[in-house]
file my_file_10.pdb (PDB, C-alpha atoms)
ATOM      1  CA  PRO A 164       0.000   0.000   0.000
ATOM      2  CA  LEU A 165       1.018   3.572  -0.687
ATOM      3  CA  HIS A 166       0.075   6.009   2.078
ATOM      4  CA  SER A 167       0.319   9.792   2.390
ATOM      5  CA  THR A 168      -1.730  12.585   3.914
ATOM      6  CA  GLN A 169      -3.322  13.076   0.536
ATOM      7  CA  ALA A 170      -4.072   9.559  -0.496
ATOM      8  CA  SER A 171      -3.804   5.840  -0.008
ATOM      9  CA  VAL A 172      -4.046   3.204  -2.683
ATOM     10  CA  ARG A 173      -3.856  -0.503  -2.281
ATOM     11  CA  SER A 174      -2.548  -2.650  -5.116
ATOM     12  CA  TYR A 175      -2.972  -6.385  -5.009
ATOM     13  CA  SER A 176      -1.076  -8.831  -7.212
ATOM     14  CA  TYR A 177      -1.896 -12.416  -7.798
ATOM     15  CA  SER A 178      -0.651 -14.906 -10.359
ATOM     16  CA  MET A 179      -2.570 -16.024 -13.401
ATOM     17  CA  GLY A 180      -2.216 -19.588 -12.175
ATOM     18  CA  SER A 181      -4.652 -18.857  -9.356
ATOM     19  CA  MET A 182      -7.050 -17.005 -11.670
ATOM     20  CA  ARG A 183      -7.539 -19.366 -14.555
ATOM     21  CA  SER A 184     -10.407 -21.179 -12.931
ATOM     22  CA  SER A 185     -12.839 -18.271 -12.725
ATOM     23  CA  ALA A 186     -13.372 -14.529 -12.577
ATOM     24  CA  PRO A 187     -14.494 -14.503  -8.886
ATOM     25  CA  CYS A 188     -10.831 -14.515  -7.902
ATOM     26  CA  VAL A 189     -10.660 -10.928  -9.132
ATOM     27  CA  LEU A 190     -13.677  -9.992  -7.046
ATOM     28  CA  ILE A 191     -12.133 -11.555  -3.938
ATOM     29  CA  ALA A 192      -9.081  -9.370  -4.396
ATOM     30  CA  LEU A 193     -11.299  -6.324  -4.815
ATOM     31  CA  VAL A 194     -13.169  -7.015  -1.600
ATOM     32  CA  ALA A 195      -9.817  -6.922   0.168
ATOM     33  CA  LEU A 196      -9.496  -3.319  -0.907
ATOM     34  CA  VAL A 197     -12.241  -2.233   1.480
ATOM     35  CA  SER A 198     -10.472  -0.507   4.373
ATOM     36  CA  PRO A 199     -10.127   3.023   5.724
ATOM     37  CA  VAL A 200      -8.619   4.515   2.587
ATOM     38  CA  ARG A 201      -8.458   8.218   1.957
ATOM     39  CA  ALA A 202      -9.617   9.334  -1.496
ATOM     40  CA  PHE A 203      -7.413  11.091  -3.968
ATOM     41  CA  THR A 204      -7.516  13.071  -7.172
ATOM     42  CA  PRO A 205      -5.044  12.544 -10.066
ATOM     43  CA  SER A 206      -3.547  16.035  -9.662
ATOM     44  CA  ARG A 207      -2.444  15.195  -6.103
ATOM     45  CA  MET A 208      -0.930  11.817  -6.788
ATOM     46  CA  PRO A 209       2.120  10.609  -8.679
ATOM     47  CA  ARG A 210       0.960   9.242 -12.013
ATOM     48  CA  MET A 211       0.318   5.526 -11.799
ATOM     49  CA  ALA A 212      -0.013   3.213 -14.768
ATOM     50  CA  PHE A 213      -2.211   0.153 -14.657
ATOM     51  CA  ARG A 214      -0.625  -2.721 -16.550
ATOM     52  CA  ALA A 215      -2.111  -6.157 -16.947
ATOM     53  CA  ARG A 216      -0.488  -8.994 -18.863
ATOM     54  CA  THR A 217      -1.948 -12.481 -19.004
ATOM     55  CA  HIS A 218       1.458 -14.172 -18.725
ATOM     56  CA  GLN A 219       2.487 -12.162 -15.677
ATOM     57  CA  SER A 220       0.939 -11.226 -12.361
ATOM     58  CA  ILE A 221      -1.926  -8.738 -12.432
ATOM     59  CA  SER A 222      -2.109  -5.606 -10.294
ATOM     60  CA  THR A 223      -5.487  -3.989  -9.930
ATOM     61  CA  VAL A 224      -5.567  -0.377  -8.844
ATOM     62  CA  VAL A 225      -8.904   1.077  -7.839
ATOM     63  CA  ALA A 226      -9.079   4.847  -7.508
ATOM     64  CA  VAL A 227     -11.885   6.381  -5.506
ATOM     65  CA  GLU A 228     -12.898   9.988  -6.111
ATOM     66  CA  GLU A 229     -13.166  12.468  -3.285
ATOM     67  CA  ASP A 230     -16.343  12.369  -1.226
ATOM     68  CA  ALA A 231     -16.971   8.795  -2.345
ATOM     69  CA  SER A 232     -16.800   5.701  -0.196
ATOM     70  CA  PRO A 233     -13.993   3.221  -1.002
ATOM     71  CA  LEU A 234     -16.671   0.542  -0.950
ATOM     72  CA  ASP A 235     -18.585   2.366  -3.697
ATOM     73  CA  GLY A 236     -15.557   2.218  -5.964
ATOM     74  CA  VAL A 237     -15.076  -1.484  -5.337
ATOM     75  CA  LYS A 238     -18.752  -2.216  -5.899
ATOM     76  CA  THR A 239     -18.754  -0.333  -9.203
ATOM     77  CA  PHE A 240     -15.646  -2.154 -10.407
ATOM     78  CA  ALA A 241     -17.078  -5.520  -9.388
ATOM     79  CA  ARG A 242     -20.436  -4.859 -11.017
ATOM     80  CA  VAL A 243     -18.990  -3.668 -14.326
ATOM     81  CA  PHE A 244     -16.297  -6.352 -14.338
ATOM     82  CA  THR A 245     -18.800  -9.155 -13.725
ATOM     83  CA  LYS A 246     -21.149  -7.865 -16.412
ATOM     84  CA  SER A 247     -18.278  -7.623 -18.882
ATOM     85  CA  VAL A 248     -17.064 -11.161 -18.205
ATOM     86  CA  SER A 249     -20.608 -12.506 -18.412
ATOM     87  CA  GLY A 250     -20.927 -10.816 -21.793
ATOM     88  CA  GLY A 251     -17.913 -12.717 -23.113
ATOM     89  CA  ASP A 252     -15.233 -10.027 -22.820
ATOM     90  CA  SER A 253     -11.618 -11.013 -22.229
ATOM     91  CA  LEU A 254     -10.061 -10.586 -18.812
ATOM     92  CA  LYS A 255      -8.117  -7.499 -19.897
ATOM     93  CA  GLN A 256     -11.199  -5.922 -21.451
ATOM     94  CA  ALA A 257     -13.222  -6.650 -18.323
ATOM     95  CA  ILE A 258     -10.565  -5.024 -16.148
ATOM     96  CA  ALA A 259     -10.426  -1.965 -18.421
ATOM     97  CA  GLY A 260     -14.202  -1.711 -18.230
ATOM     98  CA  GLY A 261     -14.155  -2.089 -14.465
ATOM     99  CA  LEU A 262     -11.637   0.716 -14.080
ATOM    100  CA  ALA A 263     -13.728   2.912 -16.371
ATOM    101  CA  GLY A 264     -16.838   2.253 -14.293
ATOM    102  CA  GLU A 265     -20.235   3.403 -15.485
ATOM    103  CA  TYR A 266     -19.866   5.686 -18.495
ATOM    104  CA  ASP A 267     -21.528   6.712 -21.745
ATOM    105  CA  ARG A 268     -20.113   4.257 -24.287
ATOM    106  CA  ALA A 269     -21.535   6.117 -27.272
ATOM    107  CA  ALA A 270     -19.921   9.356 -26.110
ATOM    108  CA  ALA A 271     -16.549   7.675 -25.543
ATOM    109  CA  ASP A 272     -16.708   6.002 -28.940
ATOM    110  CA  ALA A 273     -17.614   9.310 -30.629
ATOM    111  CA  LYS A 274     -14.668  10.948 -28.870
ATOM    112  CA  ILE A 275     -12.318   8.332 -30.305
ATOM    113  CA  THR A 276     -13.701   8.794 -33.812
ATOM    114  CA  LYS A 277     -13.324  12.559 -33.624
ATOM    115  CA  THR A 278      -9.795  12.302 -32.262
ATOM    116  CA  ILE A 279      -8.398   9.816 -34.794
ATOM    117  CA  GLN A 280      -9.792  11.924 -37.615
ATOM    118  CA  SER A 281      -8.293  15.148 -36.284
ATOM    119  CA  ALA A 282      -4.655  14.445 -37.223
ATOM    120  CA  PRO A 283      -2.694  12.192 -39.604
ATOM    121  CA  VAL A 284      -1.103  10.321 -36.705
ATOM    122  CA  VAL A 285      -2.719   9.890 -33.286
ATOM    123  CA  MET A 286      -1.335   8.102 -30.246
ATOM    124  CA  PHE A 287      -3.329   7.234 -27.147
ATOM    125  CA  SER A 288      -0.769   7.057 -24.367
ATOM    126  CA  TRP A 289       0.072   6.945 -20.675
ATOM    127  CA  THR A 290       2.642   9.529 -19.622
ATOM    128  CA  MET A 291       4.726   7.123 -17.527
ATOM    129  CA  SER A 292       4.457   4.049 -19.775
ATOM    130  CA  PRO A 293       7.882   2.862 -21.038
ATOM    131  CA  ALA A 294       6.311   1.548 -24.258
ATOM    132  CA  CYS A 295       4.629   4.902 -24.900
ATOM    133  CA  LYS A 296       7.859   6.788 -24.234
ATOM    134  CA  LYS A 297       9.657   4.488 -26.659
ATOM    135  CA  ALA A 298       7.016   4.993 -29.353
ATOM    136  CA  LYS A 299       7.233   8.777 -28.991
ATOM    137  CA  GLU A 300      11.015   8.649 -29.307
ATOM    138  CA  LEU A 301      10.917   6.422 -32.388
ATOM    139  CA  LEU A 302       8.303   8.544 -34.114
ATOM    140  CA  ALA A 303      10.366  11.658 -33.359
ATOM    141  CA  LEU A 304      13.441   9.984 -34.881
ATOM    142  CA  ALA A 305      11.354   9.278 -37.978
ATOM    143  CA  GLY A 306      10.327  12.932 -38.159
ATOM    144  CA  ILE A 307       6.717  12.135 -37.290
ATOM    145  CA  SER A 308       4.790  14.344 -34.869
ATOM    146  CA  PRO A 309       1.679  12.542 -33.614
ATOM    147  CA  LEU A 310      -1.239  14.030 -31.774
ATOM    148  CA  VAL A 311      -0.739  12.493 -28.328
ATOM    149  CA  VAL A 312      -3.714  11.882 -26.060
ATOM    150  CA  GLU A 313      -2.609  11.074 -22.516
ATOM    151  CA  LEU A 314      -5.223   8.765 -21.021
ATOM    152  CA  ASP A 315      -3.965   9.361 -17.480
ATOM    153  CA  GLN A 316      -4.640  13.104 -17.526
ATOM    154  CA  PRO A 317      -7.041  12.570 -15.897
ATOM    155  CA  TRP A 318      -7.786   8.877 -15.416
ATOM    156  CA  SER A 319     -11.496   9.587 -15.018
ATOM    157  CA  GLU A 320     -11.653  10.712 -18.660
ATOM    158  CA  GLY A 321      -9.022   8.387 -20.061
ATOM    159  CA  ASN A 322     -10.254   5.081 -18.653
ATOM    160  CA  PRO A 323     -13.566   5.114 -20.599
ATOM    161  CA  VAL A 324     -11.645   5.909 -23.793
ATOM    162  CA  ARG A 325      -9.239   3.066 -23.112
ATOM    163  CA  ALA A 326     -12.115   0.659 -22.553
ATOM    164  CA  GLU A 327     -13.682   1.631 -25.875
ATOM    165  CA  LEU A 328     -10.343   1.430 -27.661
ATOM    166  CA  GLY A 329     -10.164  -2.138 -26.421
ATOM    167  CA  ARG A 330     -13.545  -2.899 -27.930
ATOM    168  CA  ARG A 331     -12.518  -1.390 -31.260
ATOM    169  CA  THR A 332      -9.109  -2.966 -31.579
ATOM    170  CA  GLY A 333      -9.163  -6.010 -29.321
ATOM    171  CA  ARG A 334      -6.299  -4.550 -27.287
ATOM    172  CA  THR A 335      -6.532  -2.428 -24.153
ATOM    173  CA  SER A 336      -2.787  -1.797 -23.990
ATOM    174  CA  VAL A 337      -1.079   1.475 -24.837
ATOM    175  CA  PRO A 338       0.262   2.998 -26.941
ATOM    176  CA  SER A 339      -2.660   2.705 -29.312
ATOM    177  CA  ILE A 340      -1.465   4.279 -32.550
ATOM    178  CA  TRP A 341      -3.654   5.376 -35.446
ATOM    179  CA  ILE A 342      -2.580   6.603 -38.889
ATOM    180  CA  GLY A 343      -5.119   8.115 -41.253
ATOM    181  CA  GLY A 344      -7.913   7.095 -38.909
ATOM    182  CA  LYS A 345      -6.860   3.427 -38.956
ATOM    183  CA  TYR A 346      -5.393   1.433 -36.113
ATOM    184  CA  VAL A 347      -1.800   0.294 -36.776
ATOM    185  CA  GLY A 348      -1.003  -1.363 -33.441
ATOM    186  CA  GLY A 349       1.304  -0.306 -30.665
ATOM    187  CA  CYS A 350       5.025   0.271 -30.575
ATOM    188  CA  ASP A 351       6.707  -3.127 -31.006
ATOM    189  CA  ASP A 352       3.709  -5.220 -31.968
ATOM    190  CA  GLY A 353       0.051  -5.362 -32.872
ATOM    191  CA  PRO A 354      -2.859  -7.753 -33.292
ATOM    192  CA  SER A 355      -2.605  -8.401 -37.043
ATOM    193  CA  ASP A 356      -0.586  -7.994 -40.220
ATOM    194  CA  GLU A 357      -2.562  -4.837 -40.951
ATOM    195  CA  ALA A 358      -1.763  -3.474 -37.488
ATOM    196  CA  PRO A 359       1.672  -4.853 -36.571
ATOM    197  CA  GLY A 360       2.966  -1.840 -34.656
ATOM    198  CA  ILE A 361       5.121   1.052 -35.823
ATOM    199  CA  VAL A 362       8.452  -0.766 -35.459
ATOM    200  CA  LYS A 363       7.443  -3.529 -37.865
ATOM    201  CA  LEU A 364       5.837  -0.998 -40.199
ATOM    202  CA  ALA A 365       9.105   0.930 -40.286
ATOM    203  CA  PHE A 366      11.176  -2.195 -41.011
ATOM    204  CA  MET A 367       8.766  -3.137 -43.787
ATOM    205  CA  GLY A 368       9.203   0.326 -45.283
ATOM    206  CA  LYS A 369       5.509   1.140 -44.908
ATOM    207  CA  LEU A 370       5.439   3.626 -42.024
ATOM    208  CA  GLN A 371       6.459   6.749 -43.901
ATOM    209  CA  ASP A 372       4.185   5.886 -46.836
ATOM    210  CA  LYS A 373       1.201   5.512 -44.545
ATOM    211  CA  VAL A 374       1.926   8.794 -42.803
ATOM    212  CA  ALA A 375       2.416  10.615 -46.099
ATOM    213  CA  ALA A 376      -0.852   9.240 -47.454
ATOM    214  CA  ALA A 377      -2.690  10.253 -44.278
ATOM    215  CA  ALA A 378      -1.221  13.766 -44.373
ATOM    216  CA  SER A 379      -2.273  14.288 -47.994
ATOM    217  CA  SER A 380      -5.832  13.038 -47.604
TER     218      SER A 380
END
call {"tool": "encode", "arguments": {"input": "my_file_10.pdb", "output": "structure tokens"}}
result
Amino acid sequence: PLHSTQASVRSYSYSMGSMRSSAPCVLIALVALVSPVRAFTPSRMPRMAFRARTHQSISTVVAVEEDASPLDGVKTFARVFTKSVSGGDSLKQAIAGGLAGEYDRAAADAKITKTIQSAPVVMFSWTMSPACKKAKELLALAGISPLVVELDQPWSEGNPVRAELGRRTGRTSVPSIWIGGKYVGGCDDGPSDEAPGIVKLAFMGKLQDKVAAAASS
């Protein structure tokens, strides 16, 4: 746990080996979060990135807004998470949805559409993510200046966008990079040959062509 006069956040890790049987394991961990925890706002806390990988341990961070009960935050996460899993979503998508809480999906989706159409290259990022920092550096080396949307500034606005990005692309991880309004993957990899990530696109000699085509359209 991280404690200060401003805030306190508990992060629980548990291995995938203990989770494979069923989703309730996640809910058990969330119940453990219920304790006298002081709320915080993103501007008062060091930026914290939530990272979940199926082949590693998972850390779930639940942030509770000021004037809200810690139990309310846990209940919302559990409710949204359970509904997402019941609907057939992957574990990562369910976690992203749980962190986003209750939100207007249509509004978040419209925000994504507007954003990816507003510039030739768009990157959805976390400020402290090593992969996002690497992608920014590589794009800069290539002479490419993307529109960067930091999803952790603030989390309350970025988490719903991240959840919807996951539904669009099948990946909740960042960076989520878009060229000409089309998803091209992350930094080192992506979900398909059409979206392999910017590193592979660069090695295939396609990155600059895609950017040039997007800038001229």
call {"tool": "resolve_selection", "arguments": {"input": "my_file_10.pdb", "expression": "the PyMOL selection byres ((chain A and resi 312) around 8)", "output": "PyMOL selection string"}}
result
chain A and resi 285-288+310-311+313-314
call {"tool": "residues_around", "arguments": {"input": "my_file_10.pdb", "residues": "A:Ala257", "least_positions_apart": "2", "cutoff": "9 Å", "atoms": "only C-alpha atoms", "output": "PyMOL selection string"}}
result
chain A and resi 243-248+252-255+259-262+326
call {"tool": "closest_residue", "arguments": {"input": "my_file_10.pdb", "among": "A:Val284, A:Ile258, A:Ala263, A:Ile361", "to": "A:Ile342", "atoms": "all atoms listed in the file"}}
result
A:Val284
call {"tool": "closest_residue", "arguments": {"input": "my_file_10.pdb", "among": "A:Trp289, A:Ala376, A:Thr239, A:Pro354", "to": "A:Trp318", "atoms": "all atoms listed in the file"}}
result
A:Trp289
call {"tool": "closest_residue", "arguments": {"input": "my_file_10.pdb", "among": "A:Gly321, A:Pro293, A:Gly333, A:Gly251", "to": "A:Ala358", "atoms": "all atoms listed in the file"}}
result
A:Gly333
call {"tool": "closest_residue", "arguments": {"input": "my_file_10.pdb", "among": "A:Gly250, A:Glu320, A:Ala298, A:Lys363", "to": "A:Glu265", "atoms": "all atoms listed in the file"}}
result
A:Glu320
call {"tool": "closest_residue", "arguments": {"input": "my_file_10.pdb", "among": "A:Asp315, A:Glu327, A:Glu357, A:Asp235", "to": "A:Ala270", "atoms": "all atoms listed in the file"}}
result
A:Glu327
call {"tool": "closest_residue", "arguments": {"input": "my_file_10.pdb", "among": "A:Met291, A:Ala303, A:Ala378, A:Val337", "to": "A:Val324", "atoms": "only C-alpha atoms"}}
result
A:Val337
call {"tool": "atom_distance", "arguments": {"input": "my_file_10.pdb", "atom1": "atom CA of A:Ala282", "atom2": "atom CA of A:Leu301"}}
result
18.2 Å
call {"tool": "resolve_selection", "arguments": {"input": "my_file_10.pdb", "expression": "the PyMOL selection byres ((chain A and resi 362) around 10)", "output": "number ranges by chain"}}
result
A: 298, 301-302, 348-353, 359-361, 363-368, 370
call {"tool": "atom_distance", "arguments": {"input": "my_file_10.pdb", "atom1": "atom CA of A:Ser355", "atom2": "atom CA of A:Gln256"}}
result
18.0 Å
call {"tool": "atom_distance", "arguments": {"input": "my_file_10.pdb", "atom1": "atom CA of A:Asp267", "atom2": "atom CA of A:Ser336"}}
result
20.7 Å
call {"tool": "resolve_selection", "arguments": {"input": "my_file_10.pdb", "expression": "the PyMOL selection byres ((chain A and resi 343) around 7)", "output": "ChimeraX atom specification"}}
result
/A:283-284,341-342,344-345,377
call {"tool": "write_last_selection", "arguments": {"input": "my_file_10.pdb", "atoms": "C-alpha atoms", "output": "PDB file, in the frame of the given file"}}
result
ATOM      1  CA  PRO A 283      -2.694  12.192 -39.604  1.00  0.00           C
ATOM      2  CA  VAL A 284      -1.103  10.321 -36.705  1.00  0.00           C
ATOM      3  CA  TRP A 341      -3.654   5.376 -35.446  1.00  0.00           C
ATOM      4  CA  ILE A 342      -2.580   6.603 -38.889  1.00  0.00           C
ATOM      5  CA  GLY A 344      -7.913   7.095 -38.909  1.00  0.00           C
ATOM      6  CA  LYS A 345      -6.860   3.427 -38.956  1.00  0.00           C
ATOM      7  CA  ALA A 377      -2.690  10.253 -44.278  1.00  0.00           C
TER       8      ALA A 377
END
